[in-house]
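Source file final.csv; content: CSV, C-alpha atoms and all ligand atoms.
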```csv
chain,number,residue,atom,x,y,z
P,9,MET,CA,0.0,0.0,0.0
P,10,SER,CA,1.5,3.4,-0.9
P,11,PHE,CA,0.4,7.0,-0.8
P,12,VAL,CA,0.4,9.7,-3.5
P,13,GLU,CA,-1.1,13.1,-3.3
P,14,HIS,CA,-2.7,13.0,-6.7
P,15,LEU,CA,-3.8,9.9,-8.6
P,16,ILE,CA,-4.9,10.0,-12.2
P,17,ILE,CA,-6.8,7.0,-13.6
P,18,GLY,CA,-6.9,6.8,-17.4
P,19,GLY,CA,-4.0,7.6,-19.8
P,20,GLY,CA,-5.8,9.1,-22.8
P,21,ILE,CA,-5.2,12.7,-23.7
P,22,SER,CA,-7.1,14.0,-20.6
P,23,GLY,CA,-5.0,11.9,-18.2
P,24,CYS,CA,-1.8,12.7,-20.0
P,25,ALA,CA,-2.6,16.4,-20.1
P,26,MET,CA,-3.4,16.5,-16.4
P,27,ALA,CA,-0.2,14.5,-15.6
P,28,ARG,CA,1.8,17.1,-17.6
P,29,GLN,CA,0.3,19.9,-15.4
P,30,LEU,CA,1.0,18.0,-12.2
P,31,ALA,CA,4.6,17.4,-13.3
P,32,LYS,CA,4.9,21.1,-14.2
P,33,TYR,CA,3.8,22.1,-10.7
P,34,GLN,CA,6.0,19.4,-9.1
P,35,ARG,CA,3.1,17.6,-7.4
P,36,ASP,CA,3.4,14.1,-6.1
P,37,PHE,CA,1.3,12.0,-8.5
P,38,LYS,CA,0.8,8.7,-10.4
P,39,LEU,CA,-1.0,7.9,-13.6
P,40,ILE,CA,-2.6,4.5,-13.9
P,41,GLU,CA,-3.6,3.1,-17.4
P,42,ALA,CA,-5.4,-0.1,-18.0
P,43,GLN,CA,-4.0,-0.8,-21.4
P,44,ALA,CA,-0.5,-1.5,-22.7
P,45,SER,CA,0.1,2.0,-24.0
P,46,LEU,CA,-1.0,5.6,-23.4
P,47,GLY,CA,-3.5,7.3,-25.7
P,48,GLY,CA,-6.9,5.8,-25.1
P,49,ARG,CA,-9.0,6.7,-28.1
P,50,ILE,CA,-6.0,8.4,-29.7
P,51,GLN,CA,-4.1,5.7,-31.6
P,52,SER,CA,-1.9,6.1,-34.7
P,53,THR,CA,0.2,3.5,-36.6
P,54,GLU,CA,4.0,3.8,-36.8
P,55,GLN,CA,3.5,5.6,-40.1
P,56,GLY,CA,1.3,8.1,-38.5
P,57,LEU,CA,-2.1,6.8,-39.8
P,58,ASP,CA,-4.9,7.7,-37.4
P,59,LEU,CA,-7.1,4.8,-36.1
P,60,GLY,CA,-8.9,7.1,-33.7
P,61,PRO,CA,-9.3,10.9,-34.0
P,62,THR,CA,-8.0,12.6,-37.1
P,63,TRP,CA,-8.9,16.3,-37.0
P,64,TYR,CA,-9.0,19.4,-35.0
P,65,TRP,CA,-10.6,22.6,-36.3
P,66,PRO,CA,-9.5,26.3,-36.6
P,67,HIS,CA,-11.6,27.5,-33.6
P,68,GLN,CA,-10.0,25.0,-31.2
P,69,HIS,CA,-7.5,27.2,-29.5
P,70,SER,CA,-6.5,24.8,-26.7
P,71,VAL,CA,-5.4,22.2,-29.3
P,72,LYS,CA,-3.4,24.8,-31.2
P,73,ALA,CA,-1.8,26.0,-28.0
P,74,LEU,CA,-0.8,22.5,-26.9
P,75,LEU,CA,0.6,21.7,-30.4
P,76,SER,CA,2.7,24.8,-30.3
P,77,GLU,CA,4.0,24.1,-26.8
P,78,LEU,CA,4.9,20.6,-27.8
P,79,GLN,CA,6.5,21.9,-31.0
P,80,LEU,CA,4.4,19.6,-33.2
P,81,ASP,CA,3.8,20.5,-36.9
P,82,THR,CA,0.4,20.5,-38.5
P,83,PHE,CA,-1.1,20.5,-42.0
P,84,ASP,CA,-4.5,21.0,-43.6
P,85,GLN,CA,-6.8,18.1,-44.5
P,86,TYR,CA,-6.5,17.4,-48.3
P,87,THR,CA,-9.8,18.3,-49.9
P,88,GLN,CA,-8.8,19.5,-53.4
P,89,GLY,CA,-10.8,17.9,-56.2
P,90,ASP,CA,-14.1,16.0,-56.5
P,91,TYR,CA,-15.8,13.7,-54.0
P,92,VAL,CA,-17.4,10.5,-55.1
P,93,TYR,CA,-20.8,9.2,-54.2
P,94,GLN,CA,-22.7,6.0,-54.4
P,95,GLN,CA,-26.4,6.1,-53.8
P,96,ALA,CA,-27.5,2.4,-54.3
P,97,HIS,CA,-26.0,-0.9,-55.4
P,98,ASN,CA,-27.2,-0.6,-58.9
P,99,THR,CA,-26.4,3.1,-59.5
P,100,GLU,CA,-23.3,4.6,-61.1
P,101,ILE,CA,-20.7,6.4,-59.0
P,102,SER,CA,-21.2,10.1,-59.3
P,103,ARG,CA,-18.7,12.9,-58.8
P,104,GLY,CA,-19.3,16.3,-57.3
P,105,ARG,CA,-17.4,19.2,-55.7
P,106,ASP,CA,-18.2,20.8,-52.4
P,107,ALA,CA,-17.1,24.4,-52.5
P,108,GLN,CA,-18.0,24.8,-48.8
P,109,THR,CA,-15.7,22.1,-47.5
P,110,MET,CA,-14.9,22.9,-43.8
P,111,LEU,CA,-11.2,23.5,-43.1
P,112,SER,CA,-9.8,20.9,-40.7
P,113,HIS,CA,-6.3,20.4,-39.5
P,114,ARG,CA,-4.1,17.4,-38.9
P,115,VAL,CA,-1.0,16.7,-36.9
P,116,VAL,CA,2.2,15.6,-38.7
P,117,GLY,CA,2.9,12.0,-37.5
P,118,GLY,CA,-0.8,11.5,-36.6
P,119,MET,CA,-2.6,12.4,-33.4
P,120,GLY,CA,-0.4,9.8,-31.7
P,121,ALA,CA,2.4,12.3,-32.0
P,122,ILE,CA,0.6,14.4,-29.3
P,123,ILE,CA,0.6,11.5,-26.9
P,124,ASN,CA,4.2,10.7,-27.6
P,125,ALA,CA,5.2,14.3,-27.0
P,126,LEU,CA,3.0,14.6,-23.9
P,127,SER,CA,4.5,11.4,-22.4
P,128,LYS,CA,8.0,12.9,-22.6
P,129,THR,CA,6.8,15.6,-20.2
P,130,ILE,CA,5.7,13.0,-17.6
P,131,PRO,CA,8.5,11.2,-15.5
P,132,ALA,CA,8.4,7.5,-16.6
P,133,ASP,CA,8.3,6.4,-12.9
P,134,ASN,CA,5.0,8.2,-12.4
P,135,ILE,CA,3.2,6.1,-15.1
P,136,VAL,CA,1.8,2.6,-14.5
P,137,LEU,CA,0.7,0.8,-17.7
P,138,ASN,CA,-1.3,-2.5,-18.2
P,139,CYS,CA,-2.9,-2.1,-14.8
P,140,PRO,CA,-6.7,-1.7,-14.7
P,141,VAL,CA,-8.2,-0.2,-11.6
P,142,THR,CA,-10.7,-2.7,-10.3
P,143,HIS,CA,-12.2,-1.0,-7.2
P,144,ILE,CA,-12.3,2.4,-5.6
P,145,THR,CA,-13.5,3.2,-2.1
P,146,LYS,CA,-13.3,6.3,0.1
P,147,GLN,CA,-12.6,6.4,3.9
P,148,ASP,CA,-12.6,9.8,5.7
P,149,GLU,CA,-10.4,12.1,3.6
P,150,LEU,CA,-8.6,9.4,1.6
P,151,TRP,CA,-9.3,7.4,-1.5
P,152,GLN,CA,-8.3,3.7,-1.7
P,153,VAL,CA,-7.7,2.5,-5.2
P,154,ILE,CA,-7.2,-1.2,-5.9
P,155,LEU,CA,-5.3,-2.3,-9.0
P,156,SER,CA,-5.6,-5.5,-11.0
P,157,ASN,CA,-2.1,-6.6,-9.8
P,158,GLY,CA,-3.4,-6.6,-6.2
P,159,ASP,CA,-1.7,-3.3,-5.2
P,160,THR,CA,-3.6,-0.6,-3.3
P,161,LEU,CA,-2.8,3.1,-3.8
P,162,ILE,CA,-4.0,5.7,-1.3
P,163,CYS,CA,-4.5,9.3,-2.5
P,164,LYS,CA,-6.0,12.6,-1.5
P,165,HIS,CA,-7.0,13.9,-4.9
P,166,LEU,CA,-8.5,11.5,-7.4
P,167,TRP,CA,-8.7,12.4,-11.1
P,168,LEU,CA,-10.8,10.1,-13.2
P,169,ALA,CA,-9.7,10.7,-16.8
P,170,MET,CA,-12.1,8.3,-18.5
P,171,PRO,CA,-15.6,8.2,-20.0
P,172,PRO,CA,-18.5,8.9,-17.6
P,173,ARG,CA,-20.0,5.4,-18.0
P,174,LYS,CA,-16.7,3.9,-17.0
P,175,VAL,CA,-16.6,6.1,-13.9
P,176,ALA,CA,-20.1,4.8,-13.0
P,177,GLN,CA,-18.8,1.2,-13.2
P,178,LEU,CA,-16.0,2.0,-10.8
P,179,LEU,CA,-17.7,4.2,-8.2
P,180,ASN,CA,-20.9,3.0,-6.5
P,181,GLU,CA,-23.6,4.6,-4.3
P,182,ALA,CA,-21.4,4.1,-1.2
P,183,VAL,CA,-19.2,6.9,-2.6
P,184,LEU,CA,-21.4,9.0,-5.0
P,185,SER,CA,-24.9,10.2,-4.8
P,186,THR,CA,-27.5,8.2,-6.8
P,187,THR,CA,-28.3,11.3,-8.9
P,188,LEU,CA,-24.6,11.7,-9.9
P,189,ILE,CA,-24.4,8.0,-10.7
P,190,SER,CA,-27.5,8.1,-12.9
P,191,HIS,CA,-26.3,11.3,-14.6
P,192,LEU,CA,-22.9,9.6,-15.4
P,193,GLN,CA,-24.8,6.6,-16.8
P,194,ASP,CA,-26.7,8.9,-19.2
P,195,GLN,CA,-23.6,10.3,-20.8
P,196,GLN,CA,-22.5,8.6,-24.1
P,197,THR,CA,-18.9,8.1,-24.9
P,198,TRP,CA,-18.5,9.9,-28.3
P,199,MET,CA,-17.4,7.7,-31.2
P,200,SER,CA,-16.9,4.7,-28.9
P,201,ALA,CA,-19.3,2.6,-31.1
P,202,GLN,CA,-17.4,3.5,-34.2
P,203,ALA,CA,-15.1,1.3,-36.4
P,204,LYS,CA,-12.5,2.7,-38.8
P,205,PHE,CA,-10.8,1.2,-41.8
P,206,VAL,CA,-7.5,2.6,-43.2
P,207,ALA,CA,-5.8,1.5,-46.5
P,208,GLU,CA,-2.3,2.5,-47.3
P,209,TYR,CA,-1.1,2.9,-50.9
P,210,GLU,CA,2.2,3.5,-52.7
P,211,THR,CA,0.9,6.9,-54.0
P,212,PRO,CA,-2.2,9.0,-53.5
P,213,PHE,CA,-3.3,8.0,-57.1
P,214,TRP,CA,-6.8,9.5,-56.6
P,215,ARG,CA,-5.3,13.0,-56.5
P,216,ASP,CA,-3.9,12.4,-60.0
P,217,ALA,CA,-7.5,11.7,-61.2
P,218,GLY,CA,-8.7,15.0,-59.7
P,219,LEU,CA,-10.3,13.3,-56.7
P,220,SER,CA,-10.1,14.6,-53.1
P,221,GLY,CA,-10.3,11.1,-51.6
P,222,GLN,CA,-13.6,12.0,-50.1
P,223,GLY,CA,-16.4,9.5,-50.7
P,224,PHE,CA,-19.9,9.0,-49.4
P,225,SER,CA,-21.9,5.9,-49.7
P,226,GLN,CA,-25.4,4.7,-48.9
P,227,VAL,CA,-24.2,1.2,-49.8
P,228,GLY,CA,-21.3,0.7,-47.4
P,229,PRO,CA,-19.6,-0.9,-45.6
P,230,MET,CA,-18.0,2.6,-45.3
P,231,VAL,CA,-20.3,5.6,-45.2
P,232,GLU,CA,-17.8,8.4,-45.3
P,233,ILE,CA,-14.2,8.2,-46.7
P,234,ASN,CA,-11.4,10.7,-46.6
P,235,ASP,CA,-7.8,11.2,-47.6
P,236,ALA,CA,-5.7,10.0,-44.7
P,237,SER,CA,-2.3,10.6,-46.3
P,238,GLY,CA,0.5,12.1,-44.2
P,239,VAL,CA,1.8,15.5,-44.7
P,240,ASP,CA,2.2,16.9,-48.2
P,241,ARG,CA,5.9,17.6,-48.2
P,242,GLU,CA,5.5,21.2,-49.4
P,243,ASN,CA,2.3,21.9,-47.6
P,244,THR,CA,2.7,21.9,-43.8
P,245,ASN,CA,1.5,24.9,-41.8
P,246,GLU,CA,5.0,25.4,-40.5
P,247,GLY,CA,6.8,25.0,-43.9
P,248,VAL,CA,8.5,22.1,-45.8
P,249,HIS,CA,8.7,18.8,-44.0
P,250,ASP,CA,11.0,15.9,-44.7
P,251,ASN,CA,9.3,13.0,-43.0
P,252,ALA,CA,8.3,10.1,-45.3
P,253,SER,CA,4.6,10.4,-45.5
P,254,PRO,CA,2.2,7.5,-46.3
P,255,ALA,CA,-0.6,7.8,-48.9
P,256,ALA,CA,-3.8,6.5,-47.5
P,257,LEU,CA,-7.6,6.6,-47.5
P,258,PHE,CA,-9.7,6.0,-44.4
P,259,GLY,CA,-13.4,5.3,-43.8
P,260,PHE,CA,-16.0,5.1,-41.1
P,261,ILE,CA,-17.9,1.8,-41.1
P,262,GLY,CA,-21.6,2.3,-41.3
P,263,VAL,CA,-22.5,-1.3,-40.2
P,264,PRO,CA,-23.9,-0.9,-36.6
P,265,ALA,CA,-21.6,-2.1,-33.8
P,266,LEU,CA,-24.1,-4.9,-32.8
P,267,ASN,CA,-24.2,-6.3,-36.4
P,268,ARG,CA,-20.4,-6.1,-36.7
P,269,LYS,CA,-20.1,-8.5,-33.8
P,270,THR,CA,-21.6,-11.2,-36.0
P,271,ILE,CA,-19.4,-10.6,-39.0
P,272,ASP,CA,-15.8,-11.9,-39.4
P,273,LYS,CA,-13.2,-9.1,-39.4
P,274,GLN,CA,-11.6,-10.3,-42.6
P,275,GLN,CA,-15.0,-10.1,-44.3
P,276,ILE,CA,-15.3,-6.5,-43.4
P,277,ILE,CA,-11.8,-5.7,-44.5
P,278,ASN,CA,-12.4,-7.4,-47.9
P,279,ALA,CA,-15.6,-5.5,-48.4
P,280,CYS,CA,-13.9,-2.2,-47.6
P,281,ILE,CA,-11.2,-2.8,-50.2
P,282,ALA,CA,-13.8,-3.8,-52.8
P,283,GLN,CA,-15.7,-0.6,-52.0
P,284,LEU,CA,-12.6,1.5,-52.4
P,285,GLY,CA,-12.0,-0.2,-55.8
P,286,LYS,CA,-15.6,0.7,-56.9
P,287,LEU,CA,-15.3,4.3,-55.7
P,288,PHE,CA,-11.7,5.2,-56.6
P,289,GLY,CA,-10.8,2.7,-59.4
P,290,GLU,CA,-8.7,-0.4,-59.8
P,291,ALA,CA,-5.6,1.0,-58.1
P,292,ALA,CA,-7.5,1.1,-54.8
P,293,LEU,CA,-7.9,-2.7,-54.9
P,294,SER,CA,-4.1,-3.2,-54.1
P,295,PRO,CA,-3.3,-1.4,-50.8
P,296,ILE,CA,0.2,-2.1,-49.4
P,297,SER,CA,-1.3,-2.4,-45.9
P,298,THR,CA,-4.7,-2.1,-44.2
P,299,HIS,CA,-5.8,-1.4,-40.6
P,300,TYR,CA,-9.2,-2.1,-39.1
P,301,ILE,CA,-10.1,-1.0,-35.6
P,302,ASP,CA,-13.5,-1.6,-33.9
P,303,TRP,CA,-13.7,0.8,-30.9
P,304,ALA,CA,-16.9,-1.0,-29.7
P,305,ASN,CA,-14.7,-3.9,-28.7
P,306,ASN,CA,-12.6,-1.9,-26.3
P,307,GLU,CA,-13.8,-2.7,-22.9
P,308,TYR,CA,-12.0,0.3,-21.3
P,309,ILE,CA,-13.7,2.8,-23.5
P,310,SER,CA,-17.0,1.5,-24.9
P,311,THR,CA,-20.0,0.1,-22.9
P,312,ASN,CA,-23.0,-2.0,-24.0
P,313,THR,CA,-25.2,1.1,-23.6
P,314,ASP,CA,-22.9,3.1,-26.0
P,315,ILE,CA,-23.2,0.5,-28.8
P,316,ASN,CA,-27.0,0.4,-28.5
P,317,GLU,CA,-27.6,4.1,-29.0
P,318,PRO,CA,-27.5,6.5,-31.9
P,319,SER,CA,-24.3,8.6,-31.8
P,320,GLN,CA,-24.6,11.7,-29.6
P,321,HIS,CA,-22.4,14.1,-27.5
P,322,ALA,CA,-22.4,14.0,-23.7
P,323,HIS,CA,-23.9,16.9,-21.6
P,324,PHE,CA,-22.5,16.5,-18.2
P,325,ASP,CA,-23.8,19.2,-15.8
P,326,GLN,CA,-20.6,20.2,-13.9
P,327,ALA,CA,-22.4,23.1,-12.0
P,328,ARG,CA,-25.0,20.7,-10.6
P,329,PHE,CA,-22.4,18.3,-9.1
P,330,LYS,CA,-19.6,20.8,-8.3
P,331,ALA,CA,-20.2,20.8,-4.5
P,332,GLU,CA,-20.3,17.0,-4.3
P,333,LEU,CA,-17.1,16.6,-6.4
P,334,ASN,CA,-15.3,19.3,-4.4
P,335,ARG,CA,-16.3,17.7,-1.1
P,336,LEU,CA,-14.9,14.3,-2.3
P,337,ASN,CA,-11.7,15.8,-3.8
P,338,LEU,CA,-12.7,14.1,-7.0
P,339,GLY,CA,-12.0,15.5,-10.5
P,340,LEU,CA,-13.9,14.1,-13.5
P,341,ILE,CA,-11.7,15.0,-16.5
P,342,GLY,CA,-12.5,12.8,-19.5
P,343,SER,CA,-13.4,14.7,-22.6
P,344,GLU,CA,-17.1,13.9,-22.1
P,345,PHE,CA,-17.0,16.1,-18.9
P,346,SER,CA,-16.1,19.2,-20.9
P,347,GLN,CA,-18.5,22.1,-20.8
P,348,THR,CA,-17.2,23.5,-24.1
P,349,GLU,CA,-16.8,20.7,-26.6
P,350,PRO,CA,-17.7,17.4,-25.0
P,351,GLY,CA,-16.3,14.3,-26.8
P,352,TYR,CA,-13.6,16.3,-28.7
P,353,ILE,CA,-9.9,16.5,-28.0
P,354,ALA,CA,-10.4,20.3,-27.7
P,355,GLY,CA,-13.0,19.7,-25.0
P,356,ALA,CA,-10.7,17.4,-23.1
P,357,LEU,CA,-7.9,20.0,-23.1
P,358,ASP,CA,-10.2,23.0,-22.2
P,359,HIS,CA,-11.5,21.0,-19.2
P,360,VAL,CA,-8.1,19.9,-18.0
P,361,ASN,CA,-6.8,23.5,-18.4
P,362,ASP,CA,-9.6,24.7,-16.2
P,363,GLN,CA,-8.9,22.1,-13.5
P,364,ALA,CA,-5.2,22.7,-13.6
P,365,VAL,CA,-5.8,26.4,-12.6
P,366,LYS,CA,-6.9,25.0,-9.2
P,367,ILE,CA,-3.7,23.0,-8.8
P,368,LYS,CA,-1.7,26.1,-9.7
P,369,ILE,CA,-3.5,28.1,-7.1
P,370,GLN,CA,-2.9,25.4,-4.5
P,371,SER,CA,0.8,25.3,-5.2
P,372,SER,CA,1.4,29.1,-5.1
U,1,LIG,C1,-12.9,6.7,-34.3
U,1,LIG,C2,-12.8,8.0,-33.6
U,1,LIG,C3,-12.7,9.2,-34.2
U,1,LIG,C4,-12.6,10.4,-33.5
U,1,LIG,N1,-12.4,11.6,-34.2
U,1,LIG,C5,-12.2,12.7,-33.5
U,1,LIG,C6,-11.7,13.9,-34.2
U,1,LIG,O1,-11.5,13.8,-35.5
U,1,LIG,N2,-11.5,15.0,-33.5
U,1,LIG,C7,-11.7,15.1,-32.1
U,1,LIG,O2,-11.5,16.1,-31.5
U,1,LIG,N3,-12.1,14.0,-31.4
U,1,LIG,C8,-12.3,12.8,-32.1
U,1,LIG,N4,-12.6,11.7,-31.4
U,1,LIG,C9,-12.8,11.8,-30.0
U,1,LIG,C10,-11.5,11.8,-29.2
U,1,LIG,O3,-10.7,10.7,-29.5
U,1,LIG,C11,-11.7,11.8,-27.7
U,1,LIG,O4,-12.5,13.0,-27.3
U,1,LIG,C12,-10.5,11.9,-26.8
U,1,LIG,O5,-9.5,11.1,-27.4
U,1,LIG,C13,-10.9,11.4,-25.4
U,1,LIG,O6,-9.7,11.4,-24.6
U,1,LIG,P1,-9.9,11.0,-23.0
U,1,LIG,O7,-8.6,11.0,-22.5
U,1,LIG,O8,-10.9,11.9,-22.4
U,1,LIG,O9,-10.6,9.6,-23.0
U,1,LIG,P2,-10.1,8.2,-23.6
U,1,LIG,O10,-9.2,8.4,-24.7
U,1,LIG,O11,-11.3,7.3,-23.7
U,1,LIG,O12,-9.1,7.6,-22.4
U,1,LIG,C14,-9.6,7.0,-21.3
U,1,LIG,C15,-8.5,6.1,-20.8
U,1,LIG,O13,-8.9,5.5,-19.5
U,1,LIG,C16,-8.5,4.2,-19.5
U,1,LIG,N5,-9.2,3.4,-18.5
U,1,LIG,C17,-10.6,3.1,-18.6
U,1,LIG,N6,-10.9,2.3,-17.5
U,1,LIG,C18,-9.8,2.2,-16.8
U,1,LIG,C19,-9.5,1.5,-15.6
U,1,LIG,N7,-10.5,0.8,-14.9
U,1,LIG,N8,-8.3,1.5,-15.0
U,1,LIG,C20,-7.3,2.2,-15.7
U,1,LIG,N9,-7.5,2.9,-16.9
U,1,LIG,C21,-8.7,2.9,-17.4
U,1,LIG,C22,-8.6,3.7,-20.9
U,1,LIG,O14,-7.9,2.5,-21.2
U,1,LIG,C23,-8.2,4.9,-21.7
U,1,LIG,O15,-6.8,4.9,-22.0
U,1,LIG,C24,-12.7,10.4,-32.1
U,1,LIG,C25,-12.8,9.2,-31.4
U,1,LIG,C26,-12.9,8.0,-32.1
U,1,LIG,C27,-13.0,6.7,-31.4
```
In structure tokens, how does this file's structure come out?
Ligand SMILES: Cc1cc2nc3c(=O)[nH]c(=O)nc-3n(C[C@H](O)[C@H](O)[C@H](O)COP(=O)(O)OP(=O)(O)OC[C@H]3O[C@@H](n4cnc5c(N)ncnc54)[C@H](O)[C@@H]3O)c2cc1C
Amino acid sequence: MSFVEHLIIGGGISGCAMARQLAKYQRDFKLIEAQASLGGRIQSTEQGLDLGPTWYWPHQHSVKALLSELQLDTFDQYTQGDYVYQQAHNTEISRGRDAQTMLSHRVVGGMGAIINALSKTIPADNIVLNCPVTHITKQDELWQVILSNGDTLICKHLWLAMPPRKVAQLLNEAVLSTTLISHLQDQQTWMSAQAKFVAEYETPFWRDAGLSGQGFSQVGPMVEINDASGVDRENTNEGVHDNASPAALFGFIGVPALNRKTIDKQQIINACIAQLGKLFGEAALSPISTHYIDWANNEYISTNTDINEPSQHAHFDQARFKAELNRLNLGLIGSEFSQTEPGYIAGALDHVNDQAVKIKIQSS
């Protein structure tokens, strides 16, 4: 049994950003993550292809500020050229151009580059990976946190950097009010029922054909497809970049999570490749690698309730539960708890920044 002043549970961007703040203010803390690596919903391949989030948007200042502090380069999503569209099995593929395409930004090396850079700001000894928290209780002023390896950690301040429904599974009515527990259970984990397919190619051949890589389909299995290529060497927001950059397309799978459970993974992959061939031509039938990730299968992120509902954003009412959380010394900091952009990376960062102000005040 050991004591730390601050304990963070969950090593996604919320937990990593909070750990960075605690390290900055030289607080005594540990970060516990259930899975083998940090990142949570943020996951990129070694080549920088995103299997979780891909974009941030121009108005998201907290993301811009973090990227600048971490000295990470960015570039704009490729949208030049026509999109392709398939309405039904027996209809021709049509082309069109969307002059109103919303500007979105990407990170050189993928969103995973943010997690890599953040992790370098956290002392390695403060991070425990591969160690799910199984039980949490509170006695007097202190929290007791039991880990799957049998260890117990005692802490004063507990930061839960995970989706609300995961919090509700860990904390019961002995600790939280029934109204708070039921409010937590109402908050959906955004995109946690999604699956994503990425196909990597030798070249972005669709660009040569005047296509943007964007595709929409009523047929599936993918419903929306985008160019997922790495940085265009002459087109970063910070200037010329030398990294080898993959050429790729990615798509969101439209088959509902419950139905996906009954389909063999290879069958979905084959159907995605065939769909890309139909939409973008024969060259799309020969990817050099493919990646398929079903977030609904991740027991630390998605719940049965999430996969049975239509996609929506959380609306956690911080003001209503502020007194209860303060009294417990409990911080709920997953992105779904944000009051600005719940479910988004920007929301996660806005919320952690707000909470970190309190730590700054305590330490001054
Ligand atoms: C396919 C997809 C596409 C997306 N696209 C975008 C996008 O383009 N732009 C955008 O802004 N956002 C996007 N998002 C949302 C974005 O990924 C999330 O808002 C953000 O990553 C959430 O970070 P988080 O740290 O709050 O939570 P998470 O990333 O969910 O992290 C929670 C962590 O807690 C850990 N954990 C859970 N239970 C335990 C336990 N018992 N013990 C220890 N650890 C535990 C988990 O393993 C996980 O690492 C997307 C998400 C997905 C899945």
Residues within 8 Å of ligand LIG 1 (chain U) should be enumerated using all atoms listed in the file and returned as a ChimeraX atom specification.
-> /P:17-24,40-43,45-50,59-64,139-142,155,169-171,174-175,178,197-204,260,303,307-309,341-344,350-356
Students should find that atom CA of P:Gly223 and atom CA of P:Val92 are spaced 4.6 Å
Tell me, as a ChimeraX atom specification, which residues lie within 9 Å of P:Gln283, counting all atoms listed in the file; anything in the same chain fewer than 6 positions away does not count.
-> /P:227-230,292-293
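When atom CA of P:Pro212 is paired with atom CA of P:Phe224, their separation reads 18.2 Å.
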Of the listed residues P:Ala322, P:Leu287, P:Met26, P:Leu15, that which approaches P:Asp358 most closely, counting all atoms listed in the file |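 Residue with the minimum atom-to-atom distance to P:Asp358: P:Met26.
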Rounded to one decimal in Å, what is the spacing between atom CA of P:Lys286 and atom CA of P:Ile261?
->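 Calculated distance between atom CA of P:Lys286 and atom CA of P:Ile261 is 16.0 Å.
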Counting all atoms listed in the file, what is within 8 Å of stretch 274-279 of chain P, bar same-chain residues fewer than 5 positions away, as a list of chain:residue names?
-> P:Phe205, P:Pro229, P:Thr298, P:Tyr300
If you count all atoms listed in the file, which residues fall within 7 Å of P:Gly221, apart from same-chain ones fewer than 2 positions away, as a list in words?
->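 Selected residues are Tyr91, Trp214, Leu219, Gly223, Ile233, Asn234, Asp235 and Leu257 of chain P.
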